[in-house]
>>> print(open('entry-v5.txt').read())   # compact mmCIF, C-alpha atoms and all ligand atoms
# COMPACT_ATOMS: atom_id res chain seq x y z
CA MET N 1 0.00 0.00 0.00
CA PRO N 2 1.29 3.50 -0.75
CA SER N 3 2.48 5.01 2.51
CA ASN N 4 2.88 8.67 1.60
CA SER N 5 1.79 11.23 -0.98
CA TYR N 6 4.92 10.67 -3.11
CA GLU N 7 3.72 7.13 -3.86
CA LYS N 8 0.00 7.84 -4.15
CA PRO N 9 -1.16 9.08 -7.59
CA ASP N 10 -2.65 12.49 -6.82
CA PHE N 11 -4.83 14.83 -8.87
CA TRP N 12 -1.85 16.14 -10.89
CA SER N 13 -0.40 12.68 -11.61
CA LYS N 14 -3.75 11.39 -12.88
CA LYS N 15 -4.25 14.51 -15.00
CA ALA N 16 -0.72 14.14 -16.48
CA PHE N 17 -1.35 10.50 -17.34
CA SER N 18 -4.69 11.28 -18.99
CA GLU N 19 -3.15 14.10 -21.04
CA GLY N 20 -0.22 11.98 -22.26
CA TYR N 21 2.58 13.44 -20.13
CA PRO N 22 5.02 11.04 -18.43
CA ALA N 23 5.13 13.06 -15.15
CA ARG N 24 3.04 15.46 -13.09
CA SER N 25 5.85 18.05 -13.14
CA VAL N 26 4.51 19.30 -16.50
CA TYR N 27 1.98 21.51 -14.69
CA LYS N 28 4.75 23.47 -13.02
CA LEU N 29 6.22 24.44 -16.40
CA LYS N 30 2.74 25.08 -17.82
CA GLU N 31 1.94 27.47 -14.98
CA MET N 32 5.26 29.31 -15.37
CA ASP N 33 4.79 29.50 -19.16
CA GLU N 34 1.27 30.91 -18.77
CA LYS N 35 2.45 33.48 -16.24
CA PHE N 36 5.74 34.53 -17.83
CA SER N 37 5.23 33.75 -21.58
CA LEU N 38 8.37 31.63 -21.80
CA ILE N 39 7.68 29.76 -25.04
CA ARG N 40 6.91 31.18 -28.46
CA LYS N 41 6.81 29.58 -31.88
CA ASN N 42 10.36 29.05 -33.21
CA THR N 43 11.88 29.09 -29.71
CA ARG N 44 15.10 27.09 -29.44
CA ALA N 45 14.87 25.54 -25.99
CA MET N 46 17.24 23.53 -23.81
CA ASP N 47 15.74 21.23 -21.15
CA LEU N 48 18.29 20.23 -18.48
CA GLY N 49 17.39 17.24 -16.30
CA ALA N 50 14.65 16.33 -18.78
CA ALA N 51 13.70 12.70 -17.99
CA PRO N 52 11.17 11.17 -18.10
CA GLY N 53 10.20 14.03 -20.42
CA SER N 54 7.02 15.85 -19.44
CA TRP N 55 8.64 19.29 -19.77
CA THR N 56 10.15 18.19 -23.11
CA THR N 57 6.69 17.01 -24.27
CA TYR N 58 5.15 20.33 -23.19
CA LEU N 59 7.84 22.25 -25.09
CA LEU N 60 7.39 20.13 -28.23
CA ARG N 61 3.61 20.56 -28.14
CA ALA N 62 3.88 24.33 -27.59
CA LEU N 63 6.38 24.66 -30.43
CA ASP N 64 4.10 22.65 -32.72
CA GLY N 65 6.85 21.58 -35.12
CA THR N 66 8.72 24.92 -35.06
CA GLY N 67 11.95 25.70 -33.18
CA HIS N 68 13.96 22.98 -31.50
CA VAL N 69 14.37 21.24 -28.13
CA THR N 70 17.69 19.95 -26.80
CA ALA N 71 17.06 17.68 -23.81
CA ILE N 72 19.71 16.23 -21.49
CA ASP N 73 19.47 13.74 -18.64
CA LEU N 74 21.39 10.93 -16.94
CA SER N 75 18.33 8.73 -17.61
CA PRO N 76 16.57 8.07 -20.92
CA LEU N 77 13.36 9.85 -21.88
CA ALA N 78 10.11 7.84 -21.86
CA LYS N 79 9.79 6.03 -25.18
CA ASP N 80 6.86 8.12 -26.43
CA VAL N 81 8.78 11.38 -26.06
CA LYS N 82 9.89 12.02 -29.63
CA GLY N 83 9.94 14.75 -32.23
CA ASP N 84 11.73 15.69 -35.44
CA ASN N 85 12.78 18.88 -33.65
CA LEU N 86 14.08 17.07 -30.52
CA SER N 87 17.71 16.16 -29.78
CA PHE N 88 18.34 14.12 -26.64
CA PHE N 89 21.71 13.54 -25.00
CA GLN N 90 21.96 10.96 -22.25
CA GLY N 91 24.72 11.95 -19.85
CA ASP N 92 25.85 14.07 -16.94
CA LEU N 93 25.25 17.82 -17.12
CA TYR N 94 28.63 18.26 -15.44
CA ALA N 95 30.43 16.46 -18.31
CA PRO N 96 32.27 18.84 -20.69
CA GLU N 97 31.43 16.64 -23.70
CA ILE N 98 27.69 16.93 -22.96
CA ARG N 99 28.06 20.70 -22.70
CA ALA N 100 29.93 20.75 -26.01
CA GLU N 101 27.14 18.77 -27.75
CA ALA N 102 24.50 21.11 -26.35
CA LYS N 103 26.48 24.13 -27.47
CA LYS N 104 26.63 22.90 -31.06
CA LEU N 105 22.80 23.09 -31.23
CA GLY N 106 22.62 26.55 -29.66
CA PRO N 107 22.32 29.36 -29.06
CA TYR N 108 19.01 29.07 -27.22
CA ASN N 109 16.13 31.44 -26.46
CA LEU N 110 15.08 29.43 -23.42
CA VAL N 111 16.95 27.29 -20.88
CA VAL N 112 14.86 25.34 -18.37
CA CYS N 113 16.34 23.15 -15.66
CA ASP N 114 14.22 20.84 -13.51
CA ALA N 115 17.25 18.72 -12.57
CA ALA N 116 17.19 17.42 -9.03
CA PRO N 117 19.89 15.47 -7.22
CA ALA N 118 19.13 11.97 -5.96
CA THR N 119 18.07 12.91 -2.44
CA THR N 120 19.76 11.43 0.62
CA GLY N 121 17.22 12.63 3.20
CA ASN N 122 19.91 14.84 4.71
CA ARG N 123 18.63 18.33 3.98
CA THR N 124 22.07 19.99 4.17
CA VAL N 125 23.55 17.56 1.67
CA ASP N 126 20.50 17.70 -0.62
CA THR N 127 20.29 21.51 -0.73
CA ALA N 128 24.06 21.73 -1.38
CA ARG N 129 23.74 19.34 -4.32
CA SER N 130 20.73 21.24 -5.63
CA SER N 131 22.70 24.52 -5.41
CA GLY N 132 25.48 22.89 -7.44
CA LEU N 133 22.98 22.06 -10.20
CA VAL N 134 21.58 25.62 -10.13
CA GLU N 135 25.10 27.06 -10.54
CA LEU N 136 25.69 24.65 -13.41
CA ALA N 137 22.39 25.57 -15.12
CA LEU N 138 23.30 29.23 -14.76
CA TYR N 139 26.62 28.48 -16.43
CA TYR N 140 24.79 26.83 -19.37
CA ALA N 141 22.55 29.91 -19.58
CA GLU N 142 25.51 32.27 -19.43
CA GLN N 143 27.26 30.39 -22.25
CA MET N 144 24.35 29.47 -24.52
CA LEU N 145 21.38 31.81 -24.02
CA THR N 146 20.80 34.60 -26.56
CA PRO N 147 20.30 38.20 -25.40
CA GLY N 148 16.62 38.55 -24.46
CA GLY N 149 16.46 34.82 -23.61
CA ASN N 150 14.65 33.36 -20.59
CA PHE N 151 15.73 30.94 -17.86
CA VAL N 152 13.97 28.73 -15.31
CA VAL N 153 15.71 26.61 -12.68
CA LYS N 154 14.56 24.46 -9.80
CA VAL N 155 16.21 24.99 -6.43
CA PHE N 156 15.69 23.39 -3.03
CA GLN N 157 14.66 26.10 -0.57
CA GLY N 158 17.49 26.97 1.80
CA GLY N 159 20.04 26.36 -0.97
CA GLY N 160 21.15 30.00 -1.23
CA GLU N 161 18.29 31.31 -3.38
CA GLN N 162 18.95 34.93 -2.43
CA GLU N 163 22.58 34.83 -3.58
CA MET N 164 21.51 33.09 -6.78
CA LEU N 165 18.82 35.68 -7.44
CA LYS N 166 21.40 38.41 -6.87
CA LYS N 167 23.64 36.80 -9.46
CA MET N 168 20.68 36.38 -11.84
CA ARG N 169 19.77 40.06 -11.48
CA GLY N 170 23.18 40.83 -12.98
CA MET N 171 22.43 38.52 -15.92
CA PHE N 172 18.73 39.20 -16.60
CA ALA N 173 16.46 42.26 -16.85
CA THR N 174 14.19 40.59 -14.26
CA ALA N 175 14.85 37.76 -11.81
CA ARG N 176 12.44 36.35 -9.21
CA GLY N 177 11.43 33.24 -7.29
CA PHE N 178 8.17 31.43 -8.03
CA LYS N 179 6.54 28.38 -6.44
CA PRO N 180 3.97 26.79 -8.79
CA GLU N 181 0.74 25.45 -7.32
CA ALA N 182 1.54 21.99 -8.71
CA CYS N 183 4.54 21.65 -6.34
CA ARG N 184 3.65 19.13 -3.66
CA SER N 185 2.68 20.97 -0.50
CA GLU N 186 5.35 19.20 1.55
CA SER N 187 8.04 19.75 -1.08
CA PHE N 188 10.82 22.23 -0.37
CA GLU N 189 11.52 22.87 -4.06
CA THR N 190 10.90 26.20 -5.69
CA TYR N 191 11.90 27.86 -8.99
CA LEU N 192 14.01 30.86 -9.94
CA ILE N 193 13.10 32.68 -13.13
CA GLY N 194 15.28 35.02 -15.18
CA LEU N 195 13.62 37.00 -17.98
CA GLY N 196 15.40 38.94 -20.71
CA LYS N 197 19.08 38.00 -20.69
CA LYS N 198 21.20 41.14 -20.85
C1 LIG N 201 12.42 15.88 -11.36
S1 LIG N 201 13.26 15.01 -12.62
C2 LIG N 201 12.89 15.99 -14.04
C3 LIG N 201 11.48 15.82 -14.52
C4 LIG N 201 11.26 16.41 -15.89
N1 LIG N 201 11.28 17.87 -15.86
C5 LIG N 201 9.94 15.99 -16.47
O1 LIG N 201 9.03 16.84 -16.48
O2 LIG N 201 9.78 14.86 -16.91
C6 LIG N 201 14.94 15.42 -12.30
C7 LIG N 201 15.91 14.84 -13.29
O3 LIG N 201 17.20 15.43 -13.07
C8 LIG N 201 18.14 14.50 -13.55
N2 LIG N 201 19.50 14.84 -13.12
C9 LIG N 201 19.95 15.07 -11.87
N3 LIG N 201 21.27 15.32 -11.86
C10 LIG N 201 21.68 15.28 -13.15
C11 LIG N 201 22.93 15.46 -13.80
N4 LIG N 201 24.04 15.75 -13.09
N5 LIG N 201 22.99 15.35 -15.14
C12 LIG N 201 21.87 15.05 -15.85
N6 LIG N 201 20.65 14.86 -15.30
C13 LIG N 201 20.55 14.98 -13.96
C14 LIG N 201 17.64 13.18 -12.99
O4 LIG N 201 18.19 12.07 -13.70
C15 LIG N 201 16.12 13.32 -13.15
O5 LIG N 201 15.67 12.67 -14.31
>>> encode(input="entry-v5.txt", output="structure tokens", more="lines below")
Ligand SMILES: C[S@@+](CC[C@H](N)C(=O)[O-])C[C@H]1O[C@@H](n2cnc3c(N)ncnc32)[C@H](O)[C@@H]1O
Amino acid sequence: MPSNSYEKPDFWSKKAFSEGYPARSVYKLKEMDEKFSLIRKNTRAMDLGAAPGSWTTYLLRALDGTGHVTAIDLSPLAKDVKGDNLSFFQGDLYAPEIRAEAKKLGPYNLVVCDAAPATTGNRTVDTARSSGLVELALYYAEQMLTPGGNFVVKVFQGGGEQEMLKKMRGMFATARGFKPEACRSESFETYLIGLGKK
């Protein structure tokens, strides 16, 4: 029997399944897209920490055959996540060769990162690992995002969001935190959003 809400299919998981998305996390990106107009036709997007692929699927559907999505993850995408305008690289975001492959398909108008470390249950360790991924995603954005481009990254609360936002304010016209409604109530994840790369 499921013992907690992470194992029990909730409203968002059932909705995702019925709408053909491999994970409930799609509704977080959808909400951020609706609020901040992240995706337009012809957008070239990079999805970091993309598996099983609900954000990638959302991007592909929104682009409707235009633009391009570069997705990267340690794990493969779900088998139904496909598109002529999708390139997937299976590997570690920290690996220079993965970065080099991603760069060849850039520059990008949008970088989204929902990557999360495998959690240990030790909050100090988990937030430190999450901060490392945020710094890395910011590095990808710094290197590969076009001027005017947008950026979204997941961070575990308590992982130095204020310092990261300060750094992002130097890089983007606007930078702010945002916690989508679809985040589980007990989850300590939140998102940082940078709009309009300088
Ligand atoms: C919450 S899941 C992403 C869900 C995805 N946005 C979706 O909607 O289907 C987090 C992902 O981050 C990936 N990840 C964590 N660290 C990574 C790393 N160093 N390199 C590549 N992927 C990583 C994990 O493998 C995992 O698939």
>>> residues_near_ligand(input="entry-v5.txt", ligand="ligand LIG 201 (chain N)", cutoff="10 Å", atoms="all atoms listed in the file", output="number ranges by chain")
N: 21-29, 47-58, 71-78, 81, 89-95, 98, 112-119, 129-130, 132-133, 136, 154
>>> closest_residue(input="entry-v5.txt", among="N:Lys103, N:Lys14, N:His68, N:Arg123", to="Asp84 (chain N)", atoms="all atoms listed in the file")
N:His68
>>> closest_residue(input="entry-v5.txt", among="N:Gly148, N:Gly159, N:Pro96, N:Pro107", to="Val69 (chain N)", atoms="only C-alpha atoms")
N:Pro107
>>> atom_distance(input="entry-v5.txt", atom1="CA of Ala45 (chain N)", atom2="CA of Gly106 (chain N)")
8.6 Å
>>> closest_residue(input="entry-v5.txt", among="N:Thr66, N:Gln143, N:Asn150, N:Thr120", to="Ala102 (chain N)", atoms="all atoms listed in the file")
N:Gln143
>>> closest_residue(input="entry-v5.txt", among="N:Gly149, N:Gly65, N:Gly194, N:Gly177", to="Lys82 (chain N)", atoms="only C-alpha atoms")
N:Gly65
>>> closest_residue(input="entry-v5.txt", among="N:Phe151, N:Tyr191, N:Tyr108, N:Tyr139", to="Ser37 (chain N)", atoms="all atoms listed in the file")
N:Phe151
>>> residues_around(input="entry-v5.txt", residues="Ile193 (chain N)", least_positions_apart="5", cutoff="10 Å", atoms="only C-alpha atoms", output="ChimeraX atom specification")
/N:32,36,38,112,150-154,165,168,172,174-178
>>> axis_aligned_box(input="entry-v5.txt", around="region 71-76 of chain N", padding_each_side="3 Å", output="JSON")
{"center_x": 19.0, "center_y": 12.9, "center_z": -20.4, "size_x": 10.8, "size_y": 15.6, "size_z": 12.9}
>>> atom_distance(input="entry-v5.txt", atom1="CA of Lys104 (chain N)", atom2="CA of Arg44 (chain N)")
12.4 Å
>>> atom_distance(input="entry-v5.txt", atom1="CA of Phe11 (chain N)", atom2="CA of Ala182 (chain N)")
9.6 Å
